[in-house]
$ cat data-v3.tsv   # TSV, C-alpha atoms
chain	number	residue	atom	x	y	z
A	1	MET	CA	63.24	-36.65	-77.68
A	2	SER	CA	59.91	-36.18	-75.87
A	3	ALA	CA	61.75	-35.37	-72.63
A	4	ILE	CA	63.86	-32.76	-74.42
A	5	LEU	CA	60.78	-31.18	-75.98
A	6	GLU	CA	58.99	-31.09	-72.63
A	7	ARG	CA	61.96	-29.47	-70.93
A	8	SER	CA	62.31	-26.94	-73.74
A	9	PHE	CA	58.68	-25.88	-73.51
A	10	LYS	CA	58.84	-25.67	-69.71
A	11	LEU	CA	61.93	-23.52	-70.02
A	12	MET	CA	60.24	-21.14	-72.44
A	13	GLU	CA	57.06	-21.01	-70.33
A	14	HIS	CA	59.18	-20.13	-67.30
A	15	LEU	CA	61.02	-17.41	-69.19
A	16	ALA	CA	57.66	-16.01	-70.30
A	17	GLU	CA	56.93	-15.39	-66.61
A	18	HIS	CA	60.22	-13.49	-66.21
A	19	PRO	CA	60.48	-10.92	-69.01
A	20	GLU	CA	63.34	-9.27	-67.13
A	21	GLY	CA	65.42	-12.42	-67.71
A	22	ARG	CA	66.86	-15.14	-65.48
A	23	GLN	CA	70.33	-16.38	-64.66
A	24	LEU	CA	71.33	-19.89	-65.74
A	25	SER	CA	71.64	-21.10	-62.16
A	26	ALA	CA	68.23	-19.68	-61.24
A	27	LEU	CA	66.58	-21.38	-64.21
A	28	ALA	CA	68.16	-24.72	-63.36
A	29	THR	CA	67.03	-24.41	-59.74
A	30	ASP	CA	63.52	-23.22	-60.60
A	31	LEU	CA	62.94	-26.06	-63.05
A	32	GLY	CA	64.78	-28.77	-61.11
A	33	MET	CA	67.13	-29.46	-64.02
A	34	PRO	CA	70.89	-30.11	-64.07
A	35	LEU	CA	72.92	-27.00	-64.81
A	36	SER	CA	74.60	-28.60	-67.83
A	37	ALA	CA	71.30	-29.75	-69.35
A	38	THR	CA	69.75	-26.32	-68.82
A	39	HIS	CA	72.72	-24.68	-70.54
A	40	ARG	CA	72.46	-27.05	-73.53
A	41	LEU	CA	68.75	-26.35	-73.94
A	42	LEU	CA	69.31	-22.60	-73.75
A	43	ALA	CA	72.09	-22.79	-76.33
A	44	GLU	CA	69.79	-24.68	-78.71
A	45	LEU	CA	66.91	-22.22	-78.15
A	46	ILE	CA	69.31	-19.34	-78.82
A	47	ARG	CA	70.39	-21.03	-82.05
A	48	CYS	CA	66.73	-21.35	-83.11
A	49	GLY	CA	66.03	-17.72	-82.27
A	50	TYR	CA	63.62	-18.20	-79.35
A	51	VAL	CA	65.97	-17.10	-76.55
A	52	ARG	CA	68.67	-14.45	-76.23
A	53	GLN	CA	71.39	-13.88	-73.63
A	54	ASP	CA	72.21	-10.46	-72.28
A	55	GLN	CA	75.95	-10.17	-72.79
A	56	SER	CA	76.41	-7.65	-69.99
A	57	HIS	CA	74.58	-9.57	-67.24
A	58	GLY	CA	74.36	-13.08	-68.63
A	59	ASP	CA	70.60	-13.27	-68.12
A	60	TYR	CA	68.50	-15.33	-70.52
A	61	SER	CA	65.18	-14.05	-71.87
A	62	LEU	CA	62.72	-14.85	-74.63
A	63	THR	CA	62.87	-13.11	-77.98
A	64	ILE	CA	59.64	-11.96	-79.66
A	65	LYS	CA	59.71	-14.93	-82.06
A	66	LEU	CA	57.08	-16.81	-80.03
A	67	VAL	CA	54.91	-13.68	-79.90
A	68	SER	CA	55.26	-13.31	-83.65
A	69	LEU	CA	54.18	-16.92	-84.19
A	70	GLY	CA	51.14	-16.47	-81.96
A	71	LEU	CA	50.05	-13.22	-83.58
A	72	SER	CA	50.54	-14.70	-87.04
A	73	PHE	CA	48.43	-17.71	-86.09
A	74	LEU	CA	45.61	-15.53	-84.72
A	75	SER	CA	45.71	-13.32	-87.78
A	76	ASN	CA	45.53	-16.25	-90.18
A	77	SER	CA	42.79	-17.97	-88.16
A	78	GLY	CA	40.42	-15.03	-88.67
A	79	ILE	CA	39.37	-14.90	-85.00
A	80	VAL	CA	40.10	-11.22	-84.47
A	81	ASP	CA	38.55	-10.23	-87.80
A	82	VAL	CA	35.34	-12.03	-86.87
A	83	ALA	CA	35.03	-10.96	-83.24
A	84	GLN	CA	36.75	-7.57	-82.87
A	85	PRO	CA	33.94	-5.31	-84.15
A	86	LEU	CA	31.46	-7.07	-81.86
A	87	LEU	CA	33.81	-6.82	-78.87
A	88	ASP	CA	34.38	-3.13	-79.61
A	89	ARG	CA	30.64	-2.48	-79.64
A	90	LEU	CA	30.04	-4.30	-76.35
A	91	ALA	CA	32.99	-2.49	-74.74
A	92	ALA	CA	31.55	0.86	-75.80
A	93	GLU	CA	28.12	-0.07	-74.44
A	94	SER	CA	29.42	-1.44	-71.13
A	95	GLY	CA	32.26	1.03	-70.62
A	96	GLU	CA	34.41	-1.87	-69.38
A	97	LEU	CA	36.98	-4.38	-70.59
A	98	VAL	CA	35.51	-7.00	-72.93
A	99	ARG	CA	37.50	-10.11	-73.87
A	100	LEU	CA	37.10	-13.25	-75.95
A	101	ALA	CA	38.53	-16.57	-74.79
A	102	VAL	CA	38.58	-19.63	-77.05
A	103	VAL	CA	38.23	-23.25	-76.01
A	104	ASP	CA	41.43	-25.17	-76.66
A	105	GLY	CA	41.16	-28.75	-75.43
A	106	ASP	CA	40.62	-28.55	-71.66
A	107	GLU	CA	41.57	-24.88	-71.45
A	108	LEU	CA	40.28	-21.41	-72.16
A	109	THR	CA	42.72	-18.82	-73.49
A	110	PHE	CA	42.07	-15.10	-74.02
A	111	VAL	CA	42.85	-14.07	-77.61
A	112	ALA	CA	41.11	-10.72	-78.21
A	113	LYS	CA	39.93	-7.72	-76.20
A	114	ALA	CA	38.36	-4.27	-76.37
A	115	GLN	CA	38.73	-1.63	-73.64
A	116	GLY	CA	35.61	0.42	-73.04
A	117	ALA	CA	36.80	2.41	-70.02
A	118	THR	CA	37.86	5.87	-71.18
A	119	ARG	CA	38.47	7.40	-67.76
A	120	GLY	CA	38.92	6.45	-64.11
A	121	LEU	CA	39.88	2.91	-63.16
A	122	ARG	CA	40.82	0.60	-66.01
A	123	TYR	CA	41.08	-3.16	-65.64
A	124	ASP	CA	43.38	-4.63	-68.28
A	125	PRO	CA	45.15	-7.89	-67.35
A	126	ASP	CA	47.57	-9.75	-69.57
A	127	MET	CA	46.33	-11.44	-72.73
A	128	GLY	CA	47.21	-14.92	-73.90
A	129	LEU	CA	46.80	-16.38	-70.44
A	130	SER	CA	45.10	-19.66	-69.72
A	131	VAL	CA	41.96	-19.13	-67.65
A	132	ASN	CA	41.62	-20.53	-64.13
A	133	LEU	CA	38.28	-22.32	-64.34
A	134	SER	CA	37.33	-22.30	-60.65
A	135	CYS	CA	38.06	-18.60	-60.03
A	136	SER	CA	36.93	-16.79	-63.18
A	137	SER	CA	33.71	-15.72	-64.80
A	138	ALA	CA	34.92	-17.21	-68.10
A	139	GLY	CA	35.58	-20.53	-66.40
A	140	HIS	CA	32.19	-20.57	-64.69
A	141	ALA	CA	30.40	-19.72	-67.95
A	142	TRP	CA	32.12	-22.57	-69.79
A	143	LEU	CA	31.58	-25.05	-66.96
A	144	SER	CA	27.89	-24.12	-66.86
A	145	THR	CA	27.46	-25.65	-70.33
A	146	MET	CA	28.52	-29.06	-68.99
A	147	THR	CA	27.07	-31.50	-66.50
A	148	ASP	CA	28.24	-31.07	-62.91
A	149	GLU	CA	30.31	-34.23	-63.29
A	150	GLN	CA	32.09	-32.96	-66.42
A	151	ALA	CA	32.72	-29.59	-64.80
A	152	LEU	CA	34.20	-31.13	-61.68
A	153	GLU	CA	36.43	-33.37	-63.78
A	154	LEU	CA	37.99	-30.34	-65.48
A	155	ILE	CA	38.43	-28.52	-62.17
A	156	ALA	CA	40.06	-31.61	-60.67
A	157	ARG	CA	42.63	-31.63	-63.47
A	158	GLN	CA	43.44	-27.94	-63.10
A	159	GLY	CA	43.00	-27.60	-59.35
A	160	PHE	CA	41.39	-24.88	-57.25
A	161	GLY	CA	42.74	-21.38	-57.19
A	162	LYS	CA	44.09	-20.06	-53.90
A	163	PRO	CA	42.45	-16.93	-52.44
A	164	GLY	CA	45.92	-15.49	-51.86
A	165	GLU	CA	46.58	-15.67	-55.61
A	166	PHE	CA	43.10	-14.56	-56.68
A	167	GLY	CA	40.30	-12.64	-54.96
A	168	PRO	CA	39.24	-13.02	-51.31
A	169	LYS	CA	36.02	-14.79	-52.38
A	170	ALA	CA	37.71	-17.38	-54.61
A	171	PRO	CA	35.93	-20.73	-54.15
A	172	THR	CA	38.09	-23.50	-52.71
A	173	THR	CA	35.57	-26.34	-52.43
A	174	VAL	CA	33.47	-28.38	-54.85
A	175	LYS	CA	30.28	-27.08	-53.25
A	176	ALA	CA	31.34	-23.45	-53.64
A	177	VAL	CA	32.33	-23.83	-57.31
A	178	LEU	CA	29.14	-25.70	-58.17
A	179	ALA	CA	27.09	-22.88	-56.66
A	180	PHE	CA	28.65	-20.44	-59.15
A	181	VAL	CA	28.28	-22.89	-62.04
A	182	ARG	CA	24.62	-23.66	-61.33
A	183	SER	CA	23.77	-19.98	-60.99
A	184	ALA	CA	25.41	-19.28	-64.33
A	185	ARG	CA	23.55	-22.18	-65.92
A	186	LYS	CA	20.22	-20.87	-64.64
A	187	ARG	CA	20.92	-17.23	-65.50
A	188	GLY	CA	22.50	-17.84	-68.91
A	189	PHE	CA	25.72	-16.04	-67.96
A	190	SER	CA	28.11	-16.06	-65.01
A	191	MET	CA	28.78	-13.32	-62.47
A	192	ILE	CA	31.59	-13.03	-59.92
A	193	ASN	CA	32.43	-10.48	-57.25
A	194	GLU	CA	36.01	-10.32	-55.86
A	195	VAL	CA	36.59	-13.90	-56.98
A	196	PHE	CA	39.30	-13.44	-59.60
A	197	ALA	CA	40.81	-10.30	-58.08
A	198	PRO	CA	40.14	-8.01	-55.10
A	199	ALA	CA	37.68	-5.17	-55.76
A	200	MET	CA	36.96	-6.52	-59.25
A	201	THR	CA	33.84	-8.05	-60.77
A	202	ALA	CA	33.20	-9.88	-64.03
A	203	MET	CA	30.57	-11.67	-66.05
A	204	ALA	CA	30.73	-14.08	-68.99
A	205	ALA	CA	28.58	-15.88	-71.54
A	206	PRO	CA	29.46	-18.93	-73.67
A	207	VAL	CA	29.77	-18.78	-77.45
A	208	ARG	CA	28.09	-21.82	-79.05
A	209	SER	CA	28.52	-22.97	-82.63
A	210	GLY	CA	25.60	-24.03	-84.81
A	211	ASN	CA	25.77	-27.60	-83.52
A	212	GLY	CA	25.73	-26.48	-79.90
A	213	ALA	CA	29.46	-26.98	-79.21
A	214	VAL	CA	31.00	-24.28	-77.02
A	215	ILE	CA	33.84	-22.65	-78.95
A	216	GLY	CA	34.57	-19.70	-76.69
A	217	VAL	CA	33.46	-17.31	-73.96
A	218	ILE	CA	32.95	-13.54	-73.92
A	219	THR	CA	33.59	-11.64	-70.69
A	220	ILE	CA	33.02	-8.17	-69.29
A	221	ALA	CA	35.21	-7.16	-66.35
A	222	GLY	CA	35.72	-4.01	-64.34
A	223	PRO	CA	36.07	-2.44	-60.88
A	224	LEU	CA	33.41	-3.28	-58.30
A	225	VAL	CA	32.64	0.39	-57.69
A	226	ARG	CA	31.44	0.68	-61.28
A	227	LEU	CA	30.49	-2.81	-62.44
A	228	THR	CA	28.05	-3.58	-59.64
A	229	GLU	CA	25.71	-6.57	-59.47
A	230	GLU	CA	22.85	-4.39	-60.70
A	231	ARG	CA	24.96	-3.16	-63.60
A	232	MET	CA	25.96	-6.70	-64.54
A	233	LEU	CA	22.34	-7.85	-64.53
A	234	ALA	CA	21.45	-4.93	-66.77
A	235	LEU	CA	24.28	-5.81	-69.18
A	236	GLY	CA	23.33	-9.49	-69.27
A	237	PRO	CA	21.12	-9.33	-72.39
A	238	ALA	CA	23.76	-7.38	-74.35
A	239	LEU	CA	26.47	-9.85	-73.33
A	240	VAL	CA	24.40	-12.87	-74.34
A	241	ALA	CA	23.39	-11.22	-77.61
A	242	THR	CA	27.04	-10.48	-78.45
A	243	ALA	CA	27.99	-14.10	-77.73
A	244	GLU	CA	25.26	-15.21	-80.13
A	245	GLU	CA	26.47	-12.79	-82.82
A	246	VAL	CA	30.04	-14.03	-82.49
A	247	ALA	CA	28.71	-17.58	-82.82
A	248	HIS	CA	26.82	-16.69	-86.01
A	249	ALA	CA	29.92	-15.01	-87.45
A	250	SER	CA	32.24	-17.86	-86.45
A	251	GLY	CA	32.00	-19.46	-89.88
A	252	GLY	CA	34.44	-16.83	-91.05
A	253	SER	CA	37.18	-18.13	-88.78
A	254	ALA	CA	39.15	-21.25	-89.65
A	255	MET	CA	39.83	-21.88	-85.97
A	256	PHE	CA	36.19	-21.58	-84.95
A	257	LYS	CA	35.08	-23.85	-87.79
A	258	ARG	CA	37.55	-26.48	-86.68
A	259	ARG	CA	36.25	-26.35	-83.11
A	260	ALA	CA	32.56	-26.41	-84.12
$ encode --input "data-v3.tsv" --output "structure tokens"
Amino acid sequence: MSAILERSFKLMEHLAEHPEGRQLSALATDLGMPLSATHRLLAELIRCGYVRQDQSHGDYSLTIKLVSLGLSFLSNSGIVDVAQPLLDRLAAESGELVRLAVVDGDELTFVAKAQGATRGLRYDPDMGLSVNLSCSSAGHAWLSTMTDEQALELIARQGFGKPGEFGPKAPTTVKAVLAFVRSARKRGFSMINEVFAPAMTAMAAPVRSGNGAVIGVITIAGPLVRLTEERMLALGPALVATAEEVAHASGGSAMFKRRA
């Protein structure tokens, strides 16, 4: 049963990366599964309403049932209600994209955002994605709240990001990552420049509960031409203050209270 569940989740995760749909043979090849087993899993997921098959092309794709479950969970948890007004205010002040990621086990996942850019370049990546710890401002901010040993243990589990998949300055060694983490620890918030993506910068501050546990991270991200190092340093106090306000308001969220 556990093997079936694992294969089912891997299948759905793979389909989430291909919203245009995938052929049965491609799915079996991509996931290294027998064709017959892949077909049985797809048939069961179709029966449960999580997958549909395009009758004209035969491609399989996810339905919005998973999205509905996720949105329902976030709504009932109270996260957006607690954080959204504060994110909106910081986005208006910074003129950039502001996002909230929550700690979930060994991962950070973005769950809410506010776009402050009203003209020109707008940076707005996908939501709901797990954060790469070694190549993101959110990851560096969270890691900065740990000892170097704890931080390196998490990075070892996830692995380093590859510059070809992230920005040209993505760190690929322990020494390079620790330099970012220690700077964030000293400064109180992280800053990156062309680390997560080319020509993009970002900064992040941890959200701590009343007992000191880190329950999330707030980030500001934007184009390098606008969100310069000087601009990020100027926004630092507002970012940290917003993280503290979200922490104070976290008692209104069932999810935050559980993680505190």
$ residues_around --input "data-v3.tsv" --residues "A:Gln23" --least-positions-apart "5" --cutoff "12 Å" --atoms "all atoms listed in the file" --output "PyMOL selection string"
chain A and resi 15+18+28-30+35+38-39+42+52-61
$ residues_near_point --input "data-v3.tsv" --point "(27.3, -16.7, -80.8)" --cutoff "10 Å" --atoms "all atoms listed in the file" --output "PDB file with C-alpha atoms, keeping the file's coordinate frame"
ATOM      1  CA  ALA A  83      35.030 -10.960 -83.240  1.00  0.00           C
ATOM      2  CA  ALA A 205      28.580 -15.880 -71.540  1.00  0.00           C
ATOM      3  CA  PRO A 206      29.460 -18.930 -73.670  1.00  0.00           C
ATOM      4  CA  VAL A 207      29.770 -18.780 -77.450  1.00  0.00           C
ATOM      5  CA  ARG A 208      28.090 -21.820 -79.050  1.00  0.00           C
ATOM      6  CA  SER A 209      28.520 -22.970 -82.630  1.00  0.00           C
ATOM      7  CA  GLY A 210      25.600 -24.030 -84.810  1.00  0.00           C
ATOM      8  CA  GLY A 212      25.730 -26.480 -79.900  1.00  0.00           C
ATOM      9  CA  VAL A 214      31.000 -24.280 -77.020  1.00  0.00           C
ATOM     10  CA  ILE A 215      33.840 -22.650 -78.950  1.00  0.00           C
ATOM     11  CA  GLY A 216      34.570 -19.700 -76.690  1.00  0.00           C
ATOM     12  CA  VAL A 217      33.460 -17.310 -73.960  1.00  0.00           C
ATOM     13  CA  ILE A 218      32.950 -13.540 -73.920  1.00  0.00           C
ATOM     14  CA  VAL A 240      24.400 -12.870 -74.340  1.00  0.00           C
ATOM     15  CA  ALA A 241      23.390 -11.220 -77.610  1.00  0.00           C
ATOM     16  CA  THR A 242      27.040 -10.480 -78.450  1.00  0.00           C
ATOM     17  CA  ALA A 243      27.990 -14.100 -77.730  1.00  0.00           C
ATOM     18  CA  GLU A 244      25.260 -15.210 -80.130  1.00  0.00           C
ATOM     19  CA  GLU A 245      26.470 -12.790 -82.820  1.00  0.00           C
ATOM     20  CA  VAL A 246      30.040 -14.030 -82.490  1.00  0.00           C
ATOM     21  CA  ALA A 247      28.710 -17.580 -82.820  1.00  0.00           C
ATOM     22  CA  HIS A 248      26.820 -16.690 -86.010  1.00  0.00           C
ATOM     23  CA  ALA A 249      29.920 -15.010 -87.450  1.00  0.00           C
ATOM     24  CA  SER A 250      32.240 -17.860 -86.450  1.00  0.00           C
TER      25      SER A 250
END
$ residues_around --input "data-v3.tsv" --residues "stretch 84-100 of chain A" --least-positions-apart "4" --cutoff "8 Å" --atoms "all atoms listed in the file" --output "short mmCIF file (atom, residue, chain, number, x, y, z; two decimals) with C-alpha atoms, in the frame of the given file"
data_model
loop_
_atom_site.label_atom_id
_atom_site.label_comp_id
_atom_site.auth_asym_id
_atom_site.auth_seq_id
_atom_site.Cartn_x
_atom_site.Cartn_y
_atom_site.Cartn_z
CA VAL A 80 40.10 -11.22 -84.47
CA PHE A 110 42.07 -15.10 -74.02
CA VAL A 111 42.85 -14.07 -77.61
CA ALA A 112 41.11 -10.72 -78.21
CA LYS A 113 39.93 -7.72 -76.20
CA ALA A 114 38.36 -4.27 -76.37
CA GLN A 115 38.73 -1.63 -73.64
CA GLY A 116 35.61 0.42 -73.04
CA ALA A 117 36.80 2.41 -70.02
CA THR A 118 37.86 5.87 -71.18
CA ARG A 122 40.82 0.60 -66.01
CA TYR A 123 41.08 -3.16 -65.64
CA ASP A 124 43.38 -4.63 -68.28
CA GLY A 216 34.57 -19.70 -76.69
CA VAL A 217 33.46 -17.31 -73.96
CA ILE A 218 32.95 -13.54 -73.92
CA THR A 219 33.59 -11.64 -70.69
CA ILE A 220 33.02 -8.17 -69.29
CA ALA A 221 35.21 -7.16 -66.35
CA GLY A 222 35.72 -4.01 -64.34
CA LEU A 235 24.28 -5.81 -69.18
CA ALA A 238 23.76 -7.38 -74.35
CA LEU A 239 26.47 -9.85 -73.33
CA THR A 242 27.04 -10.48 -78.45
CA GLU A 245 26.47 -12.79 -82.82
CA VAL A 246 30.04 -14.03 -82.49
#
$ residues_around --input "data-v3.tsv" --residues "A:Ala204" --least-positions-apart "3" --cutoff "6 Å" --atoms "only C-alpha atoms" --output "list in words"
Ser137, Ala138, Ala141, Phe189, Ser190, Ile218 and Thr219 of chain A
$ residues_around --input "data-v3.tsv" --residues "A:Leu108" --least-positions-apart "2" --cutoff "6 Å" --atoms "all atoms listed in the file" --output "PyMOL selection string"
chain A and resi 101-104+130-131
$ closest_residue --input "data-v3.tsv" --among "A:Met203, A:Val195, A:Ala176, A:Ala184" --to "A:Gly164" --atoms "all atoms listed in the file"
A:Val195
$ decode --input "data-v3.tsv" --residues "stretch 172-207 of chain A" --atoms "N, CA and C atoms" --output "compact mmCIF listing (two decimals), in the first residue's frame"
# COMPACT_ATOMS: atom_id res chain seq x y z
N THR A 172 27.40 26.93 -4.78
CA THR A 172 27.46 25.48 -5.03
C THR A 172 28.39 24.77 -4.05
N THR A 173 28.88 25.49 -3.04
CA THR A 173 29.76 24.89 -2.04
C THR A 173 29.27 25.25 -0.65
N VAL A 174 29.70 24.46 0.33
CA VAL A 174 29.35 24.73 1.72
C VAL A 174 29.84 26.11 2.15
N LYS A 175 31.07 26.43 1.78
CA LYS A 175 31.65 27.71 2.15
C LYS A 175 30.83 28.88 1.60
N ALA A 176 30.41 28.76 0.36
CA ALA A 176 29.65 29.84 -0.27
C ALA A 176 28.28 30.03 0.39
N VAL A 177 27.59 28.93 0.69
CA VAL A 177 26.28 29.03 1.34
C VAL A 177 26.41 29.62 2.73
N LEU A 178 27.41 29.14 3.48
CA LEU A 178 27.59 29.64 4.84
C LEU A 178 27.89 31.13 4.87
N ALA A 179 28.54 31.64 3.84
CA ALA A 179 28.81 33.08 3.78
C ALA A 179 27.50 33.86 3.72
N PHE A 180 26.54 33.39 2.91
CA PHE A 180 25.23 34.03 2.84
C PHE A 180 24.50 33.91 4.17
N VAL A 181 24.54 32.71 4.76
CA VAL A 181 23.81 32.46 6.00
C VAL A 181 24.36 33.31 7.14
N ARG A 182 25.66 33.39 7.25
CA ARG A 182 26.27 34.18 8.34
C ARG A 182 26.02 35.67 8.17
N SER A 183 26.01 36.13 6.94
CA SER A 183 25.70 37.54 6.69
C SER A 183 24.25 37.85 7.09
N ALA A 184 23.36 36.95 6.75
CA ALA A 184 21.95 37.13 7.12
C ALA A 184 21.78 37.11 8.63
N ARG A 185 22.50 36.23 9.29
CA ARG A 185 22.42 36.12 10.75
C ARG A 185 22.89 37.42 11.40
N LYS A 186 23.95 37.99 10.88
CA LYS A 186 24.51 39.22 11.44
C LYS A 186 23.62 40.43 11.14
N ARG A 187 23.06 40.46 9.94
CA ARG A 187 22.26 41.60 9.49
C ARG A 187 20.84 41.58 10.05
N GLY A 188 20.32 40.36 10.27
CA GLY A 188 18.93 40.22 10.71
C GLY A 188 17.99 39.89 9.57
N PHE A 189 18.48 39.91 8.35
CA PHE A 189 17.71 39.52 7.17
C PHE A 189 18.70 39.17 6.07
N SER A 190 18.25 38.36 5.13
CA SER A 190 19.12 37.90 4.04
C SER A 190 19.00 38.81 2.83
N MET A 191 20.02 38.78 1.99
CA MET A 191 20.02 39.52 0.73
C MET A 191 20.73 38.68 -0.33
N ILE A 192 20.16 38.60 -1.51
CA ILE A 192 20.82 37.88 -2.61
C ILE A 192 20.74 38.72 -3.88
N ASN A 193 21.71 38.50 -4.76
CA ASN A 193 21.81 39.24 -6.01
C ASN A 193 22.13 38.24 -7.12
N GLU A 194 21.20 38.00 -8.03
CA GLU A 194 21.34 37.04 -9.13
C GLU A 194 21.70 35.64 -8.62
N VAL A 195 21.14 35.28 -7.50
CA VAL A 195 21.35 33.94 -6.93
C VAL A 195 20.21 33.02 -7.31
N PHE A 196 18.98 33.48 -7.10
CA PHE A 196 17.83 32.65 -7.45
C PHE A 196 17.51 32.71 -8.94
N ALA A 197 17.67 33.89 -9.52
CA ALA A 197 17.37 34.05 -10.95
C ALA A 197 18.23 35.17 -11.51
N PRO A 198 18.58 35.11 -12.80
CA PRO A 198 19.39 36.16 -13.41
C PRO A 198 18.68 37.52 -13.34
N ALA A 199 19.45 38.56 -13.06
CA ALA A 199 18.97 39.94 -13.03
C ALA A 199 17.90 40.20 -11.97
N MET A 200 17.81 39.29 -10.99
CA MET A 200 16.83 39.45 -9.92
C MET A 200 17.52 39.50 -8.56
N THR A 201 16.95 40.26 -7.64
CA THR A 201 17.45 40.31 -6.27
C THR A 201 16.31 39.99 -5.32
N ALA A 202 16.65 39.70 -4.07
CA ALA A 202 15.63 39.39 -3.08
C ALA A 202 16.21 39.52 -1.68
N MET A 203 15.32 39.67 -0.72
CA MET A 203 15.70 39.75 0.68
C MET A 203 14.62 39.05 1.50
N ALA A 204 14.96 38.61 2.71
CA ALA A 204 13.99 37.87 3.51
C ALA A 204 14.31 37.98 4.99
N ALA A 205 13.26 37.90 5.80
CA ALA A 205 13.41 37.92 7.26
C ALA A 205 12.55 36.82 7.86
N PRO A 206 13.04 36.15 8.90
CA PRO A 206 12.28 35.08 9.53
C PRO A 206 11.13 35.60 10.39
N VAL A 207 10.08 34.80 10.47
CA VAL A 207 8.94 35.09 11.34
C VAL A 207 9.02 34.13 12.53
